[in-house]
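Take a look at the structure set out below.
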Amino acid sequence: MRFDKKDLLLYAVTDRHWLNGRTLYEVVKESLEGGATFIQLREKNLDDETFFEEAKELQELCREYNVPFIVNDNVDIALKMNADGIHVGQSDMEAGNVRALLGPDKIIGVSAATVDEAVLAEKRGADYLGVGAVFPTGSKDDAREVDYKTLKAICNAVSIPVVAIGGITKDNIKELAGSGIEGIAVISAIYAQDDIKKAAEDLVLEVKKITDRPMA
């Protein structure tokens, strides 16, 4: 799939913890209607068959909106379903090996919390970096905190786009201004909200203010 750094403006990461009786399909559709530009399916506790079926359904939905769809960690599923790409953490398969398996046209994102990790990920073929946690977060128990100075240093050290992740809300986005990020990745700031579509719309407006994007 064609990948543009503009696709990273509002990067939504799924979490079924917040469904409250809704289906994942319904809440992802609402986030897309609100302007989410990138969807990552993150499932830590599903069996592979259920994960696969869910991923296929969501990928079709994302294609309707012309939005990239990637899966978290699971290279086998990404391969099997021909996902647009995958996101891997520091403890998962390294980017070079992932690239060898998925091929040259897939999107590969890598989590990084230090300049060294970021530079190495780019060298090994990452297309973008997810850097955080930039604020305290309850979504990941093992998240390392990354201060503003480190975030900016990472953006300056690599030529691939950087997405900030971790504890981001519409109220604290402005604190990331000037860091060099291309967008934000969020979970609860979208999917824990009562009105998911409006939450996404509000986040798009705020992140455009700090990434020098036109407000249209």
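Labels used: A, B, ... for chains in the order of the structure tokens, numbers from 1 for residues in each chain, and numbers from 1 for ligands as shown.
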
| message | Need to verify the contact set: Ser159 in chain A, 10 Å, only C-alpha atoms, exclusion of same-chain residues closer than 5 positions in sequence. Can you return it as a ChimeraX atom specification? | response | /A:119,122,127-128,154

Closest contacts (range 78-186 of chain A/range 6-21 of chain A, max 9 Å, only C-alpha atoms) as JSON lines:
{"residue": "A:Tyr128", "atom": "CA", "partner": "A:Leu8", "partner_atom": "CA", "distance": 8.9}
{"residue": "A:Ser139", "atom": "CA", "partner": "A:Asp15", "partner_atom": "CA", "distance": 8.8}
{"residue": "A:Pro161", "atom": "CA", "partner": "A:Leu8", "partner_atom": "CA", "distance": 8.3}
{"residue": "A:Val162", "atom": "CA", "partner": "A:Leu8", "partner_atom": "CA", "distance": 8.5}
{"residue": "A:Val163", "atom": "CA", "partner": "A:Leu8", "partner_atom": "CA", "distance": 6.9}
{"residue": "A:Glu182", "atom": "CA", "partner": "A:Leu9", "partner_atom": "CA", "distance": 6.1}
{"residue": "A:Gly183", "atom": "CA", "partner": "A:Leu9", "partner_atom": "CA", "distance": 3.9}
{"residue": "A:Ile184", "atom": "CA", "partner": "A:Leu10", "partner_atom": "CA", "distance": 5.5}
{"residue": "A:Ala185", "atom": "CA", "partner": "A:Tyr11", "partner_atom": "CA", "distance": 4.4}
{"residue": "A:Val186", "atom": "CA", "partner": "A:Ala12", "partner_atom": "CA", "distance": 5.3}

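Among A:Arg99, A:Arg42, A:Lys29, A:Lys174, the residue with the shortest atom-to-atom distance to Tyr148 in chain A, counting only C-alpha atoms, is A:Lys174.
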
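Proximity of A:Arg22, A:Arg124, A:Lys56, A:Arg63 to Tyr191 in chain A, computed with only C-alpha atoms, is greatest for A:Arg22.
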
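The residue set within 12 Å of Tyr65 in chain A, counting only C-alpha atoms and dropping same-chain residues fewer than 2 places from it, reads A:Asp7, A:Val28, A:Lys29, A:Glu30, A:Ser31, A:Leu32, A:Glu33, A:Gly34, A:Gly35, A:Ala36, A:Thr37, A:Phe38, A:Ile39, A:Leu58, A:Gln59, A:Glu60, A:Leu61, A:Cys62, A:Arg63, A:Val67, A:Pro68, A:Phe69.
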
Among the residues of range 2-205 of chain A, find those DSSP assigns to strand (DSSP E) from the backbone and print them as a PDB file with N, CA, C and O atoms, in the first residue's frame.
ATOM      1  N   LEU A  10      -3.307  10.960  12.713  1.00  0.00           N
ATOM      2  CA  LEU A  10      -4.064  10.424  13.855  1.00  0.00           C
ATOM      3  C   LEU A  10      -4.094   8.906  13.745  1.00  0.00           C
ATOM      4  O   LEU A  10      -4.885   8.330  13.012  1.00  0.00           O
ATOM      5  N   TYR A  11      -3.235   8.290  14.496  1.00  0.00           N
ATOM      6  CA  TYR A  11      -2.957   6.856  14.447  1.00  0.00           C
ATOM      7  C   TYR A  11      -3.722   6.217  15.605  1.00  0.00           C
ATOM      8  O   TYR A  11      -3.403   6.432  16.771  1.00  0.00           O
ATOM      9  N   ALA A  12      -4.755   5.465  15.279  1.00  0.00           N
ATOM     10  CA  ALA A  12      -5.622   4.880  16.307  1.00  0.00           C
ATOM     11  C   ALA A  12      -5.252   3.423  16.554  1.00  0.00           C
ATOM     12  O   ALA A  12      -5.145   2.635  15.614  1.00  0.00           O
ATOM     13  N   VAL A  13      -5.036   3.087  17.821  1.00  0.00           N
ATOM     14  CA  VAL A  13      -4.673   1.727  18.228  1.00  0.00           C
ATOM     15  C   VAL A  13      -5.857   1.123  18.978  1.00  0.00           C
ATOM     16  O   VAL A  13      -6.347   1.701  19.950  1.00  0.00           O
ATOM     17  N   PHE A  38      -4.948   6.178  10.366  1.00  0.00           N
ATOM     18  CA  PHE A  38      -4.122   4.966  10.424  1.00  0.00           C
ATOM     19  C   PHE A  38      -4.710   4.098  11.520  1.00  0.00           C
ATOM     20  O   PHE A  38      -5.038   4.606  12.602  1.00  0.00           O
ATOM     21  N   ILE A  39      -4.871   2.811  11.265  1.00  0.00           N
ATOM     22  CA  ILE A  39      -5.444   1.910  12.272  1.00  0.00           C
ATOM     23  C   ILE A  39      -4.479   0.764  12.546  1.00  0.00           C
ATOM     24  O   ILE A  39      -4.012   0.099  11.627  1.00  0.00           O
ATOM     25  N   GLN A  40      -4.222   0.548  13.844  1.00  0.00           N
ATOM     26  CA  GLN A  40      -3.444  -0.622  14.264  1.00  0.00           C
ATOM     27  C   GLN A  40      -4.335  -1.522  15.121  1.00  0.00           C
ATOM     28  O   GLN A  40      -4.918  -1.075  16.106  1.00  0.00           O
ATOM     29  N   LEU A  41      -4.419  -2.786  14.714  1.00  0.00           N
ATOM     30  CA  LEU A  41      -5.163  -3.772  15.505  1.00  0.00           C
ATOM     31  C   LEU A  41      -4.218  -4.355  16.555  1.00  0.00           C
ATOM     32  O   LEU A  41      -3.236  -5.017  16.225  1.00  0.00           O
ATOM     33  N   PHE A  69      -3.990  -0.193   7.294  1.00  0.00           N
ATOM     34  CA  PHE A  69      -4.370  -1.091   8.386  1.00  0.00           C
ATOM     35  C   PHE A  69      -3.189  -2.008   8.686  1.00  0.00           C
ATOM     36  O   PHE A  69      -2.714  -2.728   7.808  1.00  0.00           O
ATOM     37  N   ILE A  70      -2.710  -1.971   9.926  1.00  0.00           N
ATOM     38  CA  ILE A  70      -1.601  -2.846  10.299  1.00  0.00           C
ATOM     39  C   ILE A  70      -1.949  -3.605  11.578  1.00  0.00           C
ATOM     40  O   ILE A  70      -2.846  -3.218  12.318  1.00  0.00           O
ATOM     41  N   VAL A  71      -1.220  -4.687  11.807  1.00  0.00           N
ATOM     42  CA  VAL A  71      -1.437  -5.460  13.028  1.00  0.00           C
ATOM     43  C   VAL A  71      -0.232  -5.305  13.943  1.00  0.00           C
ATOM     44  O   VAL A  71       0.879  -5.002  13.509  1.00  0.00           O
ATOM     45  N   ASN A  72      -0.483  -5.480  15.223  1.00  0.00           N
ATOM     46  CA  ASN A  72       0.562  -5.355  16.228  1.00  0.00           C
ATOM     47  C   ASN A  72       1.223  -6.707  16.465  1.00  0.00           C
ATOM     48  O   ASN A  72       0.535  -7.689  16.760  1.00  0.00           O
ATOM     49  N   GLY A  85       0.730  -3.793   6.855  1.00  0.00           N
ATOM     50  CA  GLY A  85       1.999  -3.780   7.557  1.00  0.00           C
ATOM     51  C   GLY A  85       1.873  -4.285   8.973  1.00  0.00           C
ATOM     52  O   GLY A  85       0.873  -4.900   9.354  1.00  0.00           O
ATOM     53  N   ILE A  86       2.901  -3.986   9.771  1.00  0.00           N
ATOM     54  CA  ILE A  86       2.967  -4.486  11.140  1.00  0.00           C
ATOM     55  C   ILE A  86       3.726  -3.496  12.006  1.00  0.00           C
ATOM     56  O   ILE A  86       4.576  -2.735  11.515  1.00  0.00           O
ATOM     57  N   HIS A  87       3.402  -3.499  13.296  1.00  0.00           N
ATOM     58  CA  HIS A  87       4.169  -2.710  14.254  1.00  0.00           C
ATOM     59  C   HIS A  87       4.798  -3.658  15.266  1.00  0.00           C
ATOM     60  O   HIS A  87       4.114  -4.528  15.811  1.00  0.00           O
ATOM     61  N   VAL A  88       6.093  -3.496  15.491  1.00  0.00           N
ATOM     62  CA  VAL A  88       6.792  -4.367  16.436  1.00  0.00           C
ATOM     63  C   VAL A  88       7.470  -3.542  17.521  1.00  0.00           C
ATOM     64  O   VAL A  88       7.892  -2.400  17.293  1.00  0.00           O
ATOM     65  N   ILE A 107       4.318  -1.809   5.284  1.00  0.00           N
ATOM     66  CA  ILE A 107       4.671  -0.774   6.258  1.00  0.00           C
ATOM     67  C   ILE A 107       5.180  -1.455   7.533  1.00  0.00           C
ATOM     68  O   ILE A 107       4.507  -2.324   8.082  1.00  0.00           O
ATOM     69  N   ILE A 108       6.357  -1.042   7.984  1.00  0.00           N
ATOM     70  CA  ILE A 108       6.887  -1.580   9.238  1.00  0.00           C
ATOM     71  C   ILE A 108       7.135  -0.439  10.212  1.00  0.00           C
ATOM     72  O   ILE A 108       7.907   0.487   9.922  1.00  0.00           O
ATOM     73  N   GLY A 109       6.464  -0.530  11.356  1.00  0.00           N
ATOM     74  CA  GLY A 109       6.669   0.445  12.422  1.00  0.00           C
ATOM     75  C   GLY A 109       7.382  -0.213  13.584  1.00  0.00           C
ATOM     76  O   GLY A 109       7.182  -1.399  13.848  1.00  0.00           O
ATOM     77  N   VAL A 110       8.222   0.550  14.256  1.00  0.00           N
ATOM     78  CA  VAL A 110       8.991   0.020  15.387  1.00  0.00           C
ATOM     79  C   VAL A 110       8.877   0.977  16.568  1.00  0.00           C
ATOM     80  O   VAL A 110       8.972   2.197  16.396  1.00  0.00           O
ATOM     81  N   SER A 111       8.666   0.418  17.754  1.00  0.00           N
ATOM     82  CA  SER A 111       8.655   1.227  18.972  1.00  0.00           C
ATOM     83  C   SER A 111      10.089   1.584  19.357  1.00  0.00           C
ATOM     84  O   SER A 111      10.996   0.754  19.243  1.00  0.00           O
ATOM     85  N   ALA A 112      10.286   2.817  19.805  1.00  0.00           N
ATOM     86  CA  ALA A 112      11.614   3.247  20.253  1.00  0.00           C
ATOM     87  C   ALA A 112      11.453   4.228  21.405  1.00  0.00           C
ATOM     88  O   ALA A 112      10.496   5.006  21.449  1.00  0.00           O
ATOM     89  N   TYR A 128       8.478   3.886   9.965  1.00  0.00           N
ATOM     90  CA  TYR A 128       8.153   4.947  10.918  1.00  0.00           C
ATOM     91  C   TYR A 128       8.472   4.432  12.316  1.00  0.00           C
ATOM     92  O   TYR A 128       8.644   3.224  12.537  1.00  0.00           O
ATOM     93  N   LEU A 129       8.520   5.353  13.282  1.00  0.00           N
ATOM     94  CA  LEU A 129       8.781   4.993  14.676  1.00  0.00           C
ATOM     95  C   LEU A 129       7.613   5.422  15.551  1.00  0.00           C
ATOM     96  O   LEU A 129       7.042   6.500  15.358  1.00  0.00           O
ATOM     97  N   GLY A 130       7.272   4.589  16.506  1.00  0.00           N
ATOM     98  CA  GLY A 130       6.335   4.960  17.565  1.00  0.00           C
ATOM     99  C   GLY A 130       7.153   5.242  18.812  1.00  0.00           C
ATOM    100  O   GLY A 130       7.819   4.347  19.337  1.00  0.00           O
ATOM    101  N   VAL A 131       7.168   6.490  19.260  1.00  0.00           N
ATOM    102  CA  VAL A 131       8.049   6.882  20.364  1.00  0.00           C
ATOM    103  C   VAL A 131       7.230   7.266  21.592  1.00  0.00           C
ATOM    104  O   VAL A 131       6.327   8.099  21.533  1.00  0.00           O
ATOM    105  N   GLY A 132       7.555   6.641  22.700  1.00  0.00           N
ATOM    106  CA  GLY A 132       6.843   6.938  23.934  1.00  0.00           C
ATOM    107  C   GLY A 132       7.238   5.953  25.016  1.00  0.00           C
ATOM    108  O   GLY A 132       8.127   5.126  24.819  1.00  0.00           O
ATOM    109  N   VAL A 162       8.089  10.135  12.778  1.00  0.00           N
ATOM    110  CA  VAL A 162       7.937   9.723  14.176  1.00  0.00           C
ATOM    111  C   VAL A 162       6.524  10.050  14.654  1.00  0.00           C
ATOM    112  O   VAL A 162       6.001  11.138  14.407  1.00  0.00           O
ATOM    113  N   VAL A 163       5.921   9.064  15.320  1.00  0.00           N
ATOM    114  CA  VAL A 163       4.615   9.245  15.948  1.00  0.00           C
ATOM    115  C   VAL A 163       4.822   9.182  17.459  1.00  0.00           C
ATOM    116  O   VAL A 163       5.478   8.266  17.960  1.00  0.00           O
ATOM    117  N   ALA A 164       4.260  10.136  18.166  1.00  0.00           N
ATOM    118  CA  ALA A 164       4.326  10.109  19.632  1.00  0.00           C
ATOM    119  C   ALA A 164       3.184   9.253  20.163  1.00  0.00           C
ATOM    120  O   ALA A 164       2.065   9.286  19.633  1.00  0.00           O
ATOM    121  N   ILE A 165       3.455   8.477  21.197  1.00  0.00           N
ATOM    122  CA  ILE A 165       2.429   7.619  21.791  1.00  0.00           C
ATOM    123  C   ILE A 165       2.557   7.620  23.309  1.00  0.00           C
ATOM    124  O   ILE A 165       3.641   7.836  23.849  1.00  0.00           O
ATOM    125  N   GLY A 183       2.692  12.924  13.876  1.00  0.00           N
ATOM    126  CA  GLY A 183       1.344  12.621  14.336  1.00  0.00           C
ATOM    127  C   GLY A 183       1.373  12.011  15.722  1.00  0.00           C
ATOM    128  O   GLY A 183       2.427  11.916  16.361  1.00  0.00           O
ATOM    129  N   ILE A 184       0.192  11.587  16.164  1.00  0.00           N
ATOM    130  CA  ILE A 184       0.063  10.986  17.486  1.00  0.00           C
ATOM    131  C   ILE A 184      -0.619   9.625  17.359  1.00  0.00           C
ATOM    132  O   ILE A 184      -1.458   9.424  16.478  1.00  0.00           O
ATOM    133  N   ALA A 185      -0.233   8.707  18.218  1.00  0.00           N
ATOM    134  CA  ALA A 185      -0.909   7.414  18.306  1.00  0.00           C
ATOM    135  C   ALA A 185      -1.632   7.360  19.641  1.00  0.00           C
ATOM    136  O   ALA A 185      -1.042   7.658  20.688  1.00  0.00           O
ATOM    137  N   VAL A 186      -2.909   7.019  19.597  1.00  0.00           N
ATOM    138  CA  VAL A 186      -3.724   7.040  20.808  1.00  0.00           C
ATOM    139  C   VAL A 186      -4.606   5.794  20.897  1.00  0.00           C
ATOM    140  O   VAL A 186      -4.949   5.184  19.885  1.00  0.00           O
TER     141      VAL A 186
END

| message | Let's see if you can do this: from backbone DSSP, list all alpha helix (DSSP H) residues in range 64-136 of chain A, as a PyMOL selection string. | response | chain A and resi 64+75-81+95-102+115-123

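Every protein, DNA or RNA residue with an atom at most 10 Å from Lys170 in chain A, where only C-alpha atoms count and chain neighbours fewer than 5 positions away do not, is listed here: Ala189, Ile190, Ala199, Ala200, Asp202, Leu203, Val204, Leu205, Glu206 and Val207 of chain A.
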
Only N, CA, C and O atoms, please: the residues just picked out, written as an mmCIF file, in the first residue's frame.
data_model
loop_
_atom_site.group_PDB
_atom_site.id
_atom_site.type_symbol
_atom_site.label_atom_id
_atom_site.label_comp_id
_atom_site.auth_asym_id
_atom_site.auth_seq_id
_atom_site.Cartn_x
_atom_site.Cartn_y
_atom_site.Cartn_z
ATOM 1 N N ALA A 189 -7.767 7.894 24.234
ATOM 2 C CA ALA A 189 -8.221 9.235 23.836
ATOM 3 C C ALA A 189 -9.285 9.171 22.748
ATOM 4 O O ALA A 189 -10.043 10.124 22.553
ATOM 5 N N ILE A 190 -9.347 8.034 22.050
ATOM 6 C CA ILE A 190 -10.433 7.806 21.094
ATOM 7 C C ILE A 190 -11.409 6.763 21.637
ATOM 8 O O ILE A 190 -12.583 7.034 21.844
ATOM 9 N N ALA A 199 -14.456 12.525 19.316
ATOM 10 C CA ALA A 199 -13.116 12.465 19.930
ATOM 11 C C ALA A 199 -12.039 12.488 18.856
ATOM 12 O O ALA A 199 -11.032 13.198 18.974
ATOM 13 N N ALA A 200 -12.260 11.719 17.786
ATOM 14 C CA ALA A 200 -11.295 11.691 16.677
ATOM 15 C C ALA A 200 -11.226 13.055 15.984
ATOM 16 O O ALA A 200 -10.133 13.556 15.687
ATOM 17 N N ASP A 202 -11.828 15.997 17.248
ATOM 18 C CA ASP A 202 -11.142 16.952 18.133
ATOM 19 C C ASP A 202 -9.631 16.734 18.119
ATOM 20 O O ASP A 202 -8.851 17.683 18.094
ATOM 21 N N LEU A 203 -9.220 15.471 18.130
ATOM 22 C CA LEU A 203 -7.796 15.159 18.115
ATOM 23 C C LEU A 203 -7.142 15.600 16.807
ATOM 24 O O LEU A 203 -6.030 16.127 16.803
ATOM 25 N N VAL A 204 -7.835 15.378 15.688
ATOM 26 C CA VAL A 204 -7.304 15.808 14.388
ATOM 27 C C VAL A 204 -7.045 17.317 14.395
ATOM 28 O O VAL A 204 -5.985 17.788 13.958
ATOM 29 N N LEU A 205 -8.005 18.076 14.905
ATOM 30 C CA LEU A 205 -7.845 19.540 14.949
ATOM 31 C C LEU A 205 -6.629 19.935 15.776
ATOM 32 O O LEU A 205 -5.835 20.796 15.378
ATOM 33 N N GLU A 206 -6.474 19.301 16.941
ATOM 34 C CA GLU A 206 -5.364 19.660 17.837
ATOM 35 C C GLU A 206 -4.019 19.263 17.274
ATOM 36 O O GLU A 206 -3.041 20.014 17.371
ATOM 37 N N VAL A 207 -3.934 18.072 16.673
ATOM 38 C CA VAL A 207 -2.634 17.627 16.174
ATOM 39 C C VAL A 207 -2.226 18.408 14.926
ATOM 40 O O VAL A 207 -1.033 18.651 14.692
#
